[in-house]
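Novice: My structure is stored as protein35.tsv, with TSV, C-alpha atoms.
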```tsv
chain	number	residue	atom	x	y	z
Q	1	MET	CA	-18.90	97.44	-40.44
Q	2	ASN	CA	-19.83	94.57	-38.11
Q	3	LEU	CA	-18.14	91.19	-37.96
Q	4	LEU	CA	-20.91	89.34	-39.84
Q	5	THR	CA	-20.82	91.83	-42.73
Q	6	GLU	CA	-17.02	91.58	-42.89
Q	7	LEU	CA	-17.22	87.80	-42.97
Q	8	LYS	CA	-19.84	87.86	-45.74
Q	9	GLU	CA	-17.82	90.31	-47.80
Q	10	GLY	CA	-14.61	88.29	-47.29
Q	11	LEU	CA	-16.38	85.13	-48.39
Q	12	MET	CA	-17.69	86.79	-51.58
Q	13	ILE	CA	-14.21	88.08	-52.45
Q	14	ALA	CA	-12.75	84.61	-51.74
Q	15	LEU	CA	-15.25	82.86	-54.02
Q	16	GLU	CA	-14.59	85.41	-56.77
Q	17	ALA	CA	-10.84	84.77	-56.45
Q	18	ILE	CA	-11.42	81.00	-56.70
Q	19	ARG	CA	-13.55	81.50	-59.85
Q	20	ALA	CA	-10.89	83.70	-61.37
Q	21	ASN	CA	-8.21	81.00	-60.84
Q	22	LYS	CA	-10.11	77.78	-61.50
Q	23	MET	CA	-7.19	75.62	-62.63
Q	24	ARG	CA	-4.96	76.75	-59.80
Q	25	SER	CA	-7.73	76.09	-57.26
Q	26	VAL	CA	-8.37	72.60	-58.67
Q	27	LEU	CA	-4.69	71.63	-58.55
Q	28	THR	CA	-4.38	73.06	-55.03
Q	29	THR	CA	-7.23	70.95	-53.70
Q	30	LEU	CA	-5.85	67.61	-54.96
Q	31	GLY	CA	-3.89	66.98	-51.78
Q	32	ILE	CA	-6.89	67.89	-49.66
Q	33	VAL	CA	-9.16	65.64	-51.73
Q	34	ILE	CA	-6.83	62.66	-51.22
Q	35	GLY	CA	-6.59	63.33	-47.49
Q	36	ILE	CA	-10.35	63.74	-47.01
Q	37	VAL	CA	-11.12	60.63	-49.09
Q	38	THR	CA	-8.71	58.71	-46.82
Q	39	VAL	CA	-10.22	60.01	-43.58
Q	40	THR	CA	-13.77	59.44	-44.85
Q	41	LEU	CA	-13.17	55.85	-45.95
Q	42	MET	CA	-11.30	55.09	-42.74
Q	43	GLY	CA	-14.13	56.55	-40.68
Q	44	THR	CA	-16.85	54.68	-42.57
Q	45	ALA	CA	-14.97	51.37	-42.27
Q	46	ILE	CA	-14.30	51.75	-38.53
Q	47	GLU	CA	-17.86	52.89	-37.75
Q	48	GLY	CA	-19.30	50.05	-39.81
Q	49	LEU	CA	-17.04	47.49	-38.13
Q	50	ASN	CA	-17.95	48.91	-34.72
Q	51	ARG	CA	-21.69	48.57	-35.37
Q	52	SER	CA	-21.25	45.09	-36.82
Q	53	PHE	CA	-19.11	43.98	-33.88
Q	54	LEU	CA	-21.55	45.29	-31.26
Q	55	LYS	CA	-24.42	43.55	-33.03
Q	56	SER	CA	-22.37	40.37	-33.33
Q	57	ILE	CA	-21.55	40.13	-29.61
Q	58	SER	CA	-24.97	41.25	-28.39
Q	59	PHE	CA	-25.95	37.60	-27.84
Q	60	ILE	CA	-23.31	37.39	-25.08
Q	61	GLY	CA	-25.26	39.83	-22.94
Q	62	ALA	CA	-23.79	42.67	-20.89
Q	63	ASP	CA	-25.38	41.28	-17.70
Q	64	THR	CA	-24.28	37.66	-18.15
Q	65	LEU	CA	-21.19	36.02	-16.63
Q	66	TYR	CA	-19.61	32.89	-18.08
Q	67	VAL	CA	-17.78	30.58	-15.68
Q	68	GLN	CA	-15.37	28.45	-17.71
Q	69	ARG	CA	-12.09	26.62	-17.34
Q	70	ALA	CA	-10.13	29.08	-19.53
Q	71	ASN	CA	-10.11	32.78	-20.30
Q	72	TRP	CA	-11.52	33.91	-23.64
Q	73	PHE	CA	-8.29	35.74	-24.48
Q	74	ILE	CA	-5.03	33.92	-23.77
Q	75	MET	CA	-1.98	36.12	-24.20
Q	76	SER	CA	0.83	33.54	-24.15
Q	77	TYR	CA	1.58	29.86	-24.76
Q	78	GLU	CA	2.58	29.45	-21.10
Q	79	GLU	CA	-0.80	30.79	-20.00
Q	80	TRP	CA	-2.53	28.33	-22.35
Q	81	LEU	CA	-0.53	25.42	-20.90
Q	82	GLU	CA	-1.43	26.48	-17.37
Q	83	MET	CA	-5.14	26.58	-18.20
Q	84	GLN	CA	-5.03	23.11	-19.76
Q	85	LYS	CA	-3.97	21.73	-16.38
Q	86	ARG	CA	-7.12	23.03	-14.67
Q	87	LYS	CA	-9.79	20.57	-13.60
Q	88	PRO	CA	-12.99	20.64	-15.68
Q	89	ILE	CA	-16.05	22.41	-14.33
Q	90	THR	CA	-18.65	19.87	-13.25
Q	91	LEU	CA	-22.44	19.78	-13.09
Q	92	ALA	CA	-22.26	19.55	-9.28
Q	93	GLN	CA	-20.41	22.89	-9.20
Q	94	ALA	CA	-23.09	24.44	-11.41
Q	95	ARG	CA	-25.78	23.14	-9.05
Q	96	ALA	CA	-23.89	24.55	-6.08
Q	97	LEU	CA	-23.70	27.98	-7.74
Q	98	GLU	CA	-27.43	27.86	-8.47
Q	99	LYS	CA	-28.19	27.17	-4.79
Q	100	GLN	CA	-25.72	29.57	-3.16
Q	101	LEU	CA	-25.69	32.67	-5.35
Q	102	THR	CA	-27.84	35.58	-4.20
Q	103	CYS	CA	-26.95	37.83	-7.16
Q	104	ALA	CA	-28.20	35.52	-9.90
Q	105	ARG	CA	-31.50	35.66	-11.73
Q	106	ALA	CA	-30.77	32.42	-13.59
Q	107	VAL	CA	-27.95	29.85	-13.75
Q	108	ALA	CA	-27.64	27.47	-16.69
Q	109	PRO	CA	-25.05	24.70	-17.07
Q	110	VAL	CA	-24.19	24.35	-20.77
Q	111	THR	CA	-22.23	21.72	-22.65
Q	112	GLY	CA	-22.10	20.75	-26.28
Q	113	GLY	CA	-20.38	19.50	-29.39
Q	114	GLN	CA	-21.00	19.12	-33.09
Q	115	GLY	CA	-22.92	16.52	-35.02
Q	116	SER	CA	-25.27	15.84	-37.89
Q	117	VAL	CA	-29.04	16.31	-37.81
Q	118	GLN	CA	-31.36	14.49	-40.19
Q	119	TYR	CA	-35.03	14.53	-41.16
Q	120	GLU	CA	-36.14	11.93	-43.67
Q	121	LYS	CA	-33.65	12.32	-46.57
Q	122	ARG	CA	-32.49	15.84	-45.68
Q	123	ARG	CA	-29.36	16.27	-43.59
Q	124	ALA	CA	-27.56	19.17	-41.88
Q	125	ASP	CA	-23.91	18.68	-40.90
Q	126	THR	CA	-21.67	20.41	-38.33
Q	127	VAL	CA	-24.67	21.47	-36.27
Q	128	THR	CA	-23.83	22.63	-32.75
Q	129	ILE	CA	-25.59	20.28	-30.30
Q	130	ILE	CA	-26.18	21.99	-26.94
Q	131	GLY	CA	-27.21	20.27	-23.74
Q	132	THR	CA	-28.63	22.63	-21.12
Q	133	THR	CA	-31.60	23.44	-18.88
Q	134	GLU	CA	-34.69	25.60	-19.26
Q	135	GLN	CA	-32.81	28.54	-17.66
Q	136	MET	CA	-30.72	29.07	-20.79
Q	137	LEU	CA	-33.65	31.03	-22.20
Q	138	GLN	CA	-32.99	33.65	-19.48
Q	139	THR	CA	-29.18	33.57	-19.46
Q	140	SER	CA	-28.88	34.03	-23.24
Q	141	SER	CA	-30.38	36.56	-25.63
Q	142	ILE	CA	-32.13	33.94	-27.76
Q	143	GLY	CA	-35.77	34.36	-28.68
Q	144	ILE	CA	-38.35	31.82	-29.80
Q	145	GLY	CA	-39.60	32.27	-33.36
Q	146	GLN	CA	-41.97	29.29	-33.38
Q	147	GLY	CA	-43.22	26.97	-30.65
Q	148	ARG	CA	-41.61	27.16	-27.21
Q	149	PHE	CA	-38.45	26.45	-25.22
Q	150	LEU	CA	-37.62	23.58	-22.88
Q	151	THR	CA	-39.69	23.28	-19.69
Q	152	PRO	CA	-38.37	22.28	-16.23
Q	153	GLY	CA	-40.32	19.01	-16.45
Q	154	GLU	CA	-38.79	18.11	-19.80
Q	155	VAL	CA	-35.30	18.83	-18.50
Q	156	GLU	CA	-35.72	16.93	-15.23
Q	157	GLY	CA	-37.41	14.01	-16.96
Q	158	GLY	CA	-34.89	13.99	-19.81
Q	159	ARG	CA	-37.56	13.94	-22.49
Q	160	PRO	CA	-36.35	13.56	-26.13
Q	161	VAL	CA	-37.33	17.06	-27.27
Q	162	CYS	CA	-35.30	19.79	-28.93
Q	163	VAL	CA	-35.29	23.42	-30.01
Q	164	ILE	CA	-33.52	24.09	-33.31
Q	165	GLY	CA	-31.97	27.14	-34.95
Q	166	CYS	CA	-33.64	28.76	-37.95
Q	167	ASP	CA	-30.92	27.55	-40.35
Q	168	VAL	CA	-31.44	23.95	-39.24
Q	169	ALA	CA	-35.21	24.37	-39.65
Q	170	THR	CA	-34.76	25.79	-43.16
Q	171	ASN	CA	-32.31	23.09	-44.25
Q	172	LEU	CA	-34.40	20.18	-42.96
Q	173	PHE	CA	-37.97	21.39	-43.46
Q	174	GLN	CA	-37.59	24.13	-46.07
Q	175	ARG	CA	-40.91	26.03	-45.87
Q	176	ALA	CA	-42.84	23.46	-43.82
Q	177	SER	CA	-43.36	23.80	-40.07
Q	178	PRO	CA	-40.93	21.63	-38.09
Q	179	LEU	CA	-43.04	21.66	-34.92
Q	180	GLY	CA	-44.12	18.18	-33.80
Q	181	ASN	CA	-41.81	16.38	-36.23
Q	182	ARG	CA	-39.09	14.02	-35.04
Q	183	ILE	CA	-35.54	14.58	-36.21
Q	184	SER	CA	-32.46	12.43	-35.76
Q	185	ILE	CA	-29.54	13.99	-33.84
Q	186	ARG	CA	-26.52	11.71	-34.08
Q	187	GLY	CA	-28.91	8.84	-34.65
Q	188	ILE	CA	-31.19	9.62	-31.66
Q	189	LYS	CA	-34.79	10.74	-32.28
Q	190	PHE	CA	-35.96	14.08	-30.86
Q	191	GLU	CA	-39.27	15.88	-31.21
Q	192	VAL	CA	-39.00	19.51	-32.39
Q	193	ILE	CA	-40.88	21.76	-29.94
Q	194	GLY	CA	-39.48	25.13	-30.96
Q	195	VAL	CA	-37.48	27.15	-33.48
Q	196	LEU	CA	-35.19	29.99	-32.44
Q	197	GLU	CA	-35.38	33.47	-33.91
Q	198	LYS	CA	-32.66	34.35	-36.40
Q	199	GLN	CA	-29.51	35.53	-34.61
Q	200	GLY	CA	-26.95	35.86	-37.41
Q	201	SER	CA	-23.30	35.03	-36.84
Q	202	PHE	CA	-20.64	35.71	-34.24
Q	203	LEU	CA	-17.81	37.89	-35.66
Q	204	GLY	CA	-18.94	36.89	-39.14
Q	205	ALA	CA	-17.54	33.37	-38.77
Q	206	ILE	CA	-19.63	31.28	-36.35
Q	207	SER	CA	-23.30	30.80	-37.19
Q	208	LEU	CA	-25.66	31.16	-34.22
Q	209	ASP	CA	-28.55	29.72	-36.21
Q	210	ASN	CA	-27.03	26.31	-36.90
Q	211	GLN	CA	-27.72	24.70	-33.53
Q	212	ALA	CA	-30.00	22.27	-31.73
Q	213	ILE	CA	-30.74	22.56	-27.99
Q	214	ILE	CA	-31.71	19.45	-26.03
Q	215	PRO	CA	-32.30	18.68	-22.33
Q	216	LEU	CA	-29.04	18.18	-20.45
Q	217	PRO	CA	-29.86	14.60	-19.27
Q	218	GLN	CA	-30.41	13.57	-22.89
Q	219	TYR	CA	-27.01	14.95	-23.88
Q	220	VAL	CA	-25.27	13.14	-20.99
Q	221	SER	CA	-27.11	9.86	-21.67
Q	222	HIS	CA	-26.56	9.65	-25.42
Q	223	PHE	CA	-23.61	11.79	-26.43
Q	224	ARG	CA	-21.08	12.25	-23.62
Q	225	SER	CA	-21.35	10.82	-20.13
Q	226	ARG	CA	-18.79	13.14	-18.48
Q	227	PRO	CA	-18.78	16.42	-20.43
Q	228	GLU	CA	-17.06	19.65	-19.50
Q	229	TYR	CA	-19.50	22.41	-18.58
Q	230	ASP	CA	-19.70	26.16	-18.93
Q	231	ILE	CA	-21.92	27.95	-16.44
Q	232	HIS	CA	-23.95	30.92	-17.71
Q	233	ILE	CA	-25.11	33.30	-14.97
Q	234	LYS	CA	-27.64	36.07	-15.54
Q	235	VAL	CA	-27.22	38.68	-12.80
Q	236	LYS	CA	-30.17	40.47	-11.27
Q	237	ASP	CA	-28.87	44.00	-11.82
Q	238	LEU	CA	-26.32	45.16	-14.42
Q	239	ALA	CA	-25.26	47.97	-12.07
Q	240	THR	CA	-23.96	45.42	-9.54
Q	241	ILE	CA	-22.23	43.09	-11.99
Q	242	GLU	CA	-18.81	43.59	-10.37
Q	243	GLU	CA	-20.20	42.64	-6.95
Q	244	ALA	CA	-21.90	39.64	-8.57
Q	245	LYS	CA	-18.60	38.66	-10.17
Q	246	GLU	CA	-16.88	38.66	-6.78
Q	247	GLU	CA	-19.66	36.55	-5.26
Q	248	VAL	CA	-19.36	34.04	-8.11
Q	249	ARG	CA	-15.59	33.90	-7.56
Q	250	ALA	CA	-16.01	33.30	-3.83
Q	251	VAL	CA	-18.55	30.49	-4.31
Q	252	MET	CA	-16.50	28.84	-7.05
Q	253	ARG	CA	-13.36	28.88	-4.92
Q	254	LYS	CA	-15.31	27.22	-2.13
Q	255	VAL	CA	-16.91	24.49	-4.24
Q	256	ARG	CA	-13.59	23.76	-6.00
Q	257	ARG	CA	-11.88	23.55	-2.59
Q	258	LEU	CA	-9.18	26.13	-3.20
Q	259	ALA	CA	-6.96	27.24	-0.33
Q	260	PRO	CA	-6.81	31.02	0.39
Q	261	ALA	CA	-3.32	31.24	-1.13
Q	262	ASP	CA	-4.22	29.26	-4.27
Q	263	PRO	CA	-4.86	31.17	-7.51
Q	264	ASP	CA	-8.21	30.78	-9.28
Q	265	ASP	CA	-8.33	27.62	-11.39
Q	266	PHE	CA	-11.30	28.88	-13.41
Q	267	ALA	CA	-12.21	31.96	-15.43
Q	268	ILE	CA	-15.14	34.35	-15.18
Q	269	ASN	CA	-15.65	35.81	-18.65
Q	270	GLN	CA	-17.96	38.62	-19.73
Q	271	GLN	CA	-18.81	40.81	-22.70
Q	272	ASP	CA	-16.47	43.61	-21.62
Q	273	GLN	CA	-13.46	41.46	-22.51
Q	274	PHE	CA	-14.50	41.40	-26.16
Q	275	LEU	CA	-15.19	45.14	-26.10
Q	276	ASP	CA	-11.78	45.91	-24.59
Q	277	MET	CA	-9.99	43.77	-27.17
Q	278	PHE	CA	-11.96	45.28	-30.05
Q	279	HIS	CA	-11.27	48.83	-28.87
Q	280	LYS	CA	-7.54	48.07	-28.70
Q	281	VAL	CA	-7.52	46.67	-32.24
Q	282	ALA	CA	-9.74	49.45	-33.58
Q	283	GLY	CA	-7.55	52.04	-31.84
Q	284	THR	CA	-4.45	50.65	-33.53
Q	285	ILE	CA	-6.15	50.69	-36.93
Q	286	ALA	CA	-7.37	54.24	-36.33
Q	287	ALA	CA	-3.89	55.39	-35.29
Q	288	VAL	CA	-2.33	53.99	-38.47
Q	289	GLY	CA	-5.12	55.51	-40.58
Q	290	LEU	CA	-4.75	58.85	-38.78
Q	291	PHE	CA	-1.03	58.88	-39.53
Q	292	ILE	CA	-1.61	58.20	-43.24
Q	293	THR	CA	-4.41	60.78	-43.34
Q	294	GLY	CA	-2.23	63.28	-41.50
Q	295	LEU	CA	0.50	62.93	-44.11
Q	296	SER	CA	-1.98	63.50	-46.94
Q	297	LEU	CA	-3.49	66.53	-45.23
Q	298	PHE	CA	-0.03	67.90	-44.39
Q	299	VAL	CA	0.98	67.73	-48.05
Q	300	GLY	CA	-2.35	69.29	-49.04
Q	301	GLY	CA	-1.94	71.99	-46.39
Q	302	ILE	CA	1.52	72.90	-47.67
Q	303	GLY	CA	0.01	73.29	-51.14
Q	304	ILE	CA	-2.74	75.55	-49.79
Q	305	MET	CA	-0.21	77.66	-47.89
Q	306	ASN	CA	1.99	78.04	-50.97
Q	307	ILE	CA	-0.91	79.10	-53.19
Q	308	MET	CA	-2.15	81.55	-50.56
Q	309	PHE	CA	1.28	83.20	-50.42
Q	310	VAL	CA	1.11	83.52	-54.22
Q	311	SER	CA	-2.40	84.96	-53.95
Q	312	VAL	CA	-1.28	87.50	-51.34
Q	313	ALA	CA	1.67	88.52	-53.50
Q	314	GLU	CA	-0.54	88.96	-56.59
Q	315	ARG	CA	-3.07	91.08	-54.72
Q	316	THR	CA	-0.70	93.24	-52.68
Q	317	LYS	CA	-1.88	96.44	-54.38
Q	318	GLU	CA	-5.52	95.48	-53.77
Q	319	ILE	CA	-4.70	94.95	-50.08
Q	320	GLY	CA	-3.04	98.37	-49.96
Q	321	ILE	CA	-6.09	100.06	-51.50
Q	322	ARG	CA	-8.50	98.34	-49.11
Q	323	LYS	CA	-6.41	99.29	-46.08
Q	324	ALA	CA	-6.01	102.84	-47.35
Q	325	ILE	CA	-9.78	103.33	-47.46
Q	326	GLY	CA	-10.22	102.00	-43.94
Q	327	ALA	CA	-10.22	98.18	-44.02
Q	328	LYS	CA	-9.15	96.76	-40.67
Q	329	ARG	CA	-6.54	94.07	-40.17
Q	330	ARG	CA	-9.18	91.54	-39.17
Q	331	THR	CA	-11.08	92.24	-42.41
Q	332	ILE	CA	-8.04	91.38	-44.54
Q	333	LEU	CA	-7.29	88.39	-42.28
Q	334	MET	CA	-10.82	86.99	-42.64
Q	335	GLN	CA	-10.77	87.55	-46.41
Q	336	PHE	CA	-7.78	85.29	-46.98
Q	337	LEU	CA	-8.79	82.80	-44.29
Q	338	ALA	CA	-12.18	82.51	-45.99
Q	339	GLU	CA	-10.46	81.90	-49.31
Q	340	ALA	CA	-8.26	79.14	-47.88
Q	341	ALA	CA	-11.18	77.54	-46.03
Q	342	SER	CA	-13.42	77.74	-49.12
Q	343	ILE	CA	-10.83	75.99	-51.27
Q	344	CYS	CA	-10.50	73.20	-48.69
Q	345	LEU	CA	-14.26	72.87	-48.21
Q	346	LEU	CA	-14.71	72.51	-51.97
Q	347	GLY	CA	-12.02	69.84	-51.85
Q	348	GLY	CA	-13.89	68.16	-49.01
Q	349	LEU	CA	-17.15	68.13	-51.01
Q	350	VAL	CA	-15.34	66.63	-54.01
Q	351	ALA	CA	-13.76	64.03	-51.69
Q	352	LEU	CA	-17.18	63.07	-50.29
Q	353	ALA	CA	-18.52	62.71	-53.82
Q	354	ILE	CA	-15.65	60.31	-54.55
Q	355	ALA	CA	-15.89	58.45	-51.23
Q	356	TRP	CA	-19.65	57.81	-51.47
Q	357	PRO	CA	-19.59	55.35	-54.42
Q	358	ILE	CA	-16.43	53.72	-53.00
Q	359	THR	CA	-18.32	53.15	-49.73
Q	360	LEU	CA	-21.17	51.47	-51.65
Q	361	VAL	CA	-18.61	49.11	-53.21
Q	362	MET	CA	-17.00	48.47	-49.81
Q	363	GLN	CA	-20.37	47.46	-48.37
Q	364	ARG	CA	-20.22	44.27	-50.45
Q	365	PHE	CA	-17.15	43.16	-48.51
Q	366	LEU	CA	-17.19	45.16	-45.25
Q	367	PRO	CA	-19.98	46.63	-43.06
Q	368	ALA	CA	-18.96	50.17	-44.08
Q	369	THR	CA	-21.40	52.96	-43.26
Q	370	MET	CA	-21.13	56.66	-44.21
Q	371	SER	CA	-23.11	58.40	-41.50
Q	372	LEU	CA	-23.87	62.09	-41.09
Q	373	TYR	CA	-21.24	62.13	-38.33
Q	374	ILE	CA	-18.55	61.01	-40.80
Q	375	VAL	CA	-19.70	63.57	-43.39
Q	376	GLY	CA	-19.63	66.35	-40.80
Q	377	LEU	CA	-16.20	65.23	-39.56
Q	378	ALA	CA	-14.80	65.23	-43.10
Q	379	LEU	CA	-16.05	68.78	-43.77
Q	380	LEU	CA	-14.78	69.97	-40.37
Q	381	VAL	CA	-11.31	68.54	-41.08
Q	382	SER	CA	-11.37	70.26	-44.48
Q	383	ALA	CA	-12.23	73.64	-42.96
Q	384	VAL	CA	-9.68	73.31	-40.13
Q	385	THR	CA	-6.97	72.34	-42.62
Q	386	GLY	CA	-7.77	75.41	-44.74
Q	387	LEU	CA	-7.80	77.74	-41.74
Q	388	THR	CA	-4.54	76.31	-40.41
Q	389	ALA	CA	-2.73	76.38	-43.74
Q	390	GLY	CA	-4.06	79.82	-44.68
Q	391	PHE	CA	-3.47	81.56	-41.37
Q	392	PHE	CA	0.15	82.62	-41.85
Q	393	PRO	CA	-0.36	84.04	-45.39
Q	394	ALA	CA	-3.54	85.81	-44.19
Q	395	TRP	CA	-1.74	87.17	-41.12
Q	396	ARG	CA	1.08	88.46	-43.35
Q	397	ALA	CA	-1.46	90.16	-45.62
Q	398	ALA	CA	-3.27	91.72	-42.66
Q	399	ARG	CA	-0.06	93.26	-41.28
Q	400	MET	CA	1.05	94.87	-44.57
Q	401	ASN	CA	1.83	98.56	-44.48
Q	402	PRO	CA	-0.69	100.20	-46.87
Q	403	VAL	CA	1.93	102.65	-48.24
Q	404	ASP	CA	4.37	99.84	-49.06
Q	405	ALA	CA	1.53	97.78	-50.53
Q	406	LEU	CA	0.42	100.62	-52.83
Q	407	ARG	CA	3.98	101.11	-54.10
Q	408	ASN	CA	4.15	97.43	-55.08
Q	409	GLU	CA	4.09	96.80	-58.83
```
With the file now loaded, output its structure as structure tokens.

Specialist:
Amino acid sequence: MNLLTELKEGLMIALEAIRANKMRSVLTTLGIVIGIVTVTLMGTAIEGLNRSFLKSISFIGADTLYVQRANWFIMSYEEWLEMQKRKPITLAQARALEKQLTCARAVAPVTGGQGSVQYEKRRADTVTIIGTTEQMLQTSSIGIGQGRFLTPGEVEGGRPVCVIGCDVATNLFQRASPLGNRISIRGIKFEVIGVLEKQGSFLGAISLDNQAIIPLPQYVSHFRSRPEYDIHIKVKDLATIEEAKEEVRAVMRKVRRLAPADPDDFAINQQDQFLDMFHKVAGTIAAVGLFITGLSLFVGGIGIMNIMFVSVAERTKEIGIRKAIGAKRRTILMQFLAEAASICLLGGLVALAIAWPITLVMQRFLPATMSLYIVGLALLVSAVTGLTAGFFPAWRAARMNPVDALRNE
């Protein structure tokens, strides 16, 4: 008898044993069901959050560096105080970077604040007003839905034109085209020349569609004469981003007149910082979830092991007969392993049936997604739990002496 035939026969005997003891099998799988439901919901939540987070930060750009006064993630109050003492980044420093960098495809100085935008009687509040140059179209991941972006001539000449986000366009113009109309930004008239494509929100909290972009000279003239700038740098090649980062650091230290022994008084931020922080948080959540899931599966595994010992004890005479007529140890071992694994797999299928509607409810509040990977992982965990919990009872059954087994009453 080959291995495949033995496995098939063991599986048939296992399924027959489960059918013969329905209530016992159902009660045995409860612990497994709870554990698999936990691991499935945890997996769907983490995978959904991961996809949502990656989509949310995609506007930052993996090949874009952000030169700013402070780091994105400040780990202590002392560090925050130290960064507040740094001198602001100026437009002259942005211009110097644009001239001296060899690694950059585009360099855009960016400044901004919040204000109200109005068209006739319609008004949009807390709109992000951004002053920048035409190069922001390259340094960011924004796309133009209608019209066009700022031109070099409009930026240099400081023309009163603007590009607005799709939320601003909807709020002010509803279904009409905003192109060519003049809107009021903090009381100053600007002609709408473009509308951005929908971008969504950043981390679910900050809308990227509620903004208006104007030429930098217009922002300086009307809203803030000496603003603090961020410098967005699009590198030529993502593969050389670390070399580009070092070049940016060297040029910034020179233009800010830092001595060789002085620490950097600026920060170079990039997308990887968000990814590292998210992975740390997600790793902590996963570790806690794994611990809770492990407890549930451990309890379920103990139940499976106990029932398998009972099953072996009840079928001792059967084992003796099978061994007496030539059944090998591995045949008996596979029979009881298949029974334990089958019970756990049935529990896993029941758990998935429970987790699926719960996931649909979760999707109203969280970006939960039950992928084929999660389904496969849940079934794999079920099978491994069954094999692990059932191994010792199956091993004990396989090593029984057939004469002693036949004498058992």

Novice: Find the residues around Q:Leu65 up to 10 Å (only C-alpha atoms counted), leave out those fewer than 5 positions away in its own chain, and share them as a PDB file with C-alpha atoms, in the coordinates of the input.

Specialist:
```
ATOM      1  CA  ILE Q  60     -23.310  37.390 -25.080  1.00  0.00           C
ATOM      2  CA  ALA Q 104     -28.200  35.520  -9.900  1.00  0.00           C
ATOM      3  CA  VAL Q 107     -27.950  29.850 -13.750  1.00  0.00           C
ATOM      4  CA  THR Q 139     -29.180  33.570 -19.460  1.00  0.00           C
ATOM      5  CA  ILE Q 231     -21.920  27.950 -16.440  1.00  0.00           C
ATOM      6  CA  HIS Q 232     -23.950  30.920 -17.710  1.00  0.00           C
ATOM      7  CA  ILE Q 233     -25.110  33.300 -14.970  1.00  0.00           C
ATOM      8  CA  LYS Q 234     -27.640  36.070 -15.540  1.00  0.00           C
ATOM      9  CA  VAL Q 235     -27.220  38.680 -12.800  1.00  0.00           C
ATOM     10  CA  ILE Q 241     -22.230  43.090 -11.990  1.00  0.00           C
ATOM     11  CA  ALA Q 244     -21.900  39.640  -8.570  1.00  0.00           C
ATOM     12  CA  LYS Q 245     -18.600  38.660 -10.170  1.00  0.00           C
ATOM     13  CA  VAL Q 248     -19.360  34.040  -8.110  1.00  0.00           C
ATOM     14  CA  ALA Q 267     -12.210  31.960 -15.430  1.00  0.00           C
ATOM     15  CA  ILE Q 268     -15.140  34.350 -15.180  1.00  0.00           C
ATOM     16  CA  ASN Q 269     -15.650  35.810 -18.650  1.00  0.00           C
ATOM     17  CA  GLN Q 270     -17.960  38.620 -19.730  1.00  0.00           C
ATOM     18  CA  GLN Q 271     -18.810  40.810 -22.700  1.00  0.00           C
TER      19      GLN Q 271
END
```

Novice: For atom CA of Q:Gln199 and atom CA of Q:Pro88, quote the distance in Å rounded to one decimal.

Specialist: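 Straight-line distance from atom CA of Q:Gln199 to atom CA of Q:Pro88 works out to 29.2 Å.
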
Novice: Could you give me, as a ChimeraX atom specification, the residues within 8 Å of stretch 125-138 of chain Q, counting all atoms listed in the file and dropping anything in the same chain fewer than 2 positions from it?

Specialist: /Q:106-117,123,140-143,149-152,155,168,210-220,232,234

Novice: Counting all atoms listed in the file, which residues of stretch 311-357 of chain Q sit at most 10 Å from some atom of stretch 389-392 of chain Q, and what is each one's closest atom pair with its distance in Å to one decimal, listed by chain and rising residue number, as JSON lines?

Specialist:
```
{"residue": "Q:Leu333", "atom": "CA", "partner": "Q:Phe391", "partner_atom": "CA", "distance": 7.9}
{"residue": "Q:Met334", "atom": "CA", "partner": "Q:Phe391", "partner_atom": "CA", "distance": 9.2}
{"residue": "Q:Phe336", "atom": "CA", "partner": "Q:Gly390", "partner_atom": "CA", "distance": 7.0}
{"residue": "Q:Leu337", "atom": "CA", "partner": "Q:Gly390", "partner_atom": "CA", "distance": 5.6}
{"residue": "Q:Ala338", "atom": "CA", "partner": "Q:Gly390", "partner_atom": "CA", "distance": 8.7}
{"residue": "Q:Glu339", "atom": "CA", "partner": "Q:Gly390", "partner_atom": "CA", "distance": 8.2}
{"residue": "Q:Ala340", "atom": "CA", "partner": "Q:Gly390", "partner_atom": "CA", "distance": 5.3}
{"residue": "Q:Ala341", "atom": "CA", "partner": "Q:Gly390", "partner_atom": "CA", "distance": 7.6}
{"residue": "Q:Cys344", "atom": "CA", "partner": "Q:Ala389", "partner_atom": "CA", "distance": 9.7}
```

Novice: Using all atoms listed in the file, find the one residue out of Q:Ala355, Q:Leu297, Q:Val251, Q:Ile325 that sits nearest to Q:Ala94.

Specialist: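 The answer is Q:Val251, which sits nearest to Q:Ala94.
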
Novice: So the first atom is atom CA of Q:Gly194 and the second is atom CA of Q:Arg148; what is the distance between them in Å, to one decimal place?

Specialist: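 Calculated distance between atom CA of Q:Gly194 and atom CA of Q:Arg148 is 4.8 Å.
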
Novice: Quick one, how far is atom CA of Q:Val310 from atom CA of Q:Thr385?

Specialist: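 Separation of atom CA of Q:Val310 and atom CA of Q:Thr385: 18.0 Å.
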
Novice: Give the answer as one residue: which of Q:Leu238, Q:Ile319, Q:Ile304, Q:Leu380 has the shortest atom-to-atom distance to Q:Gly61, using all atoms listed in the file?

Specialist: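 Answer, going by the shortest atom-to-atom distance: Q:Leu238.
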
Novice: Go through Q:Thr316, Q:Thr240, Q:Gln273, Q:Thr331 and flag the residue nearest Q:Asp63, using all atoms listed in the file for the distances.

Specialist: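 Of Q:Thr316, Q:Thr240, Q:Gln273, Q:Thr331, the one nearest Q:Asp63, counting all atoms listed in the file, is Q:Thr240.
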
Novice: With all atoms listed in the file as the basis for distance, which of Q:Val163, Q:Ala250, Q:Leu30, Q:Met12 is at the shortest distance from Q:Val299?

Specialist: Q:Leu30

Novice: Which of these residues is nearest to Q:Gly300, using all atoms listed in the file: Q:Phe278, Q:Thr369, Q:Gly320, Q:Ile36?

Specialist: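 Of Q:Phe278, Q:Thr369, Q:Gly320, Q:Ile36, the one nearest Q:Gly300 is Q:Ile36, counting all atoms listed in the file.
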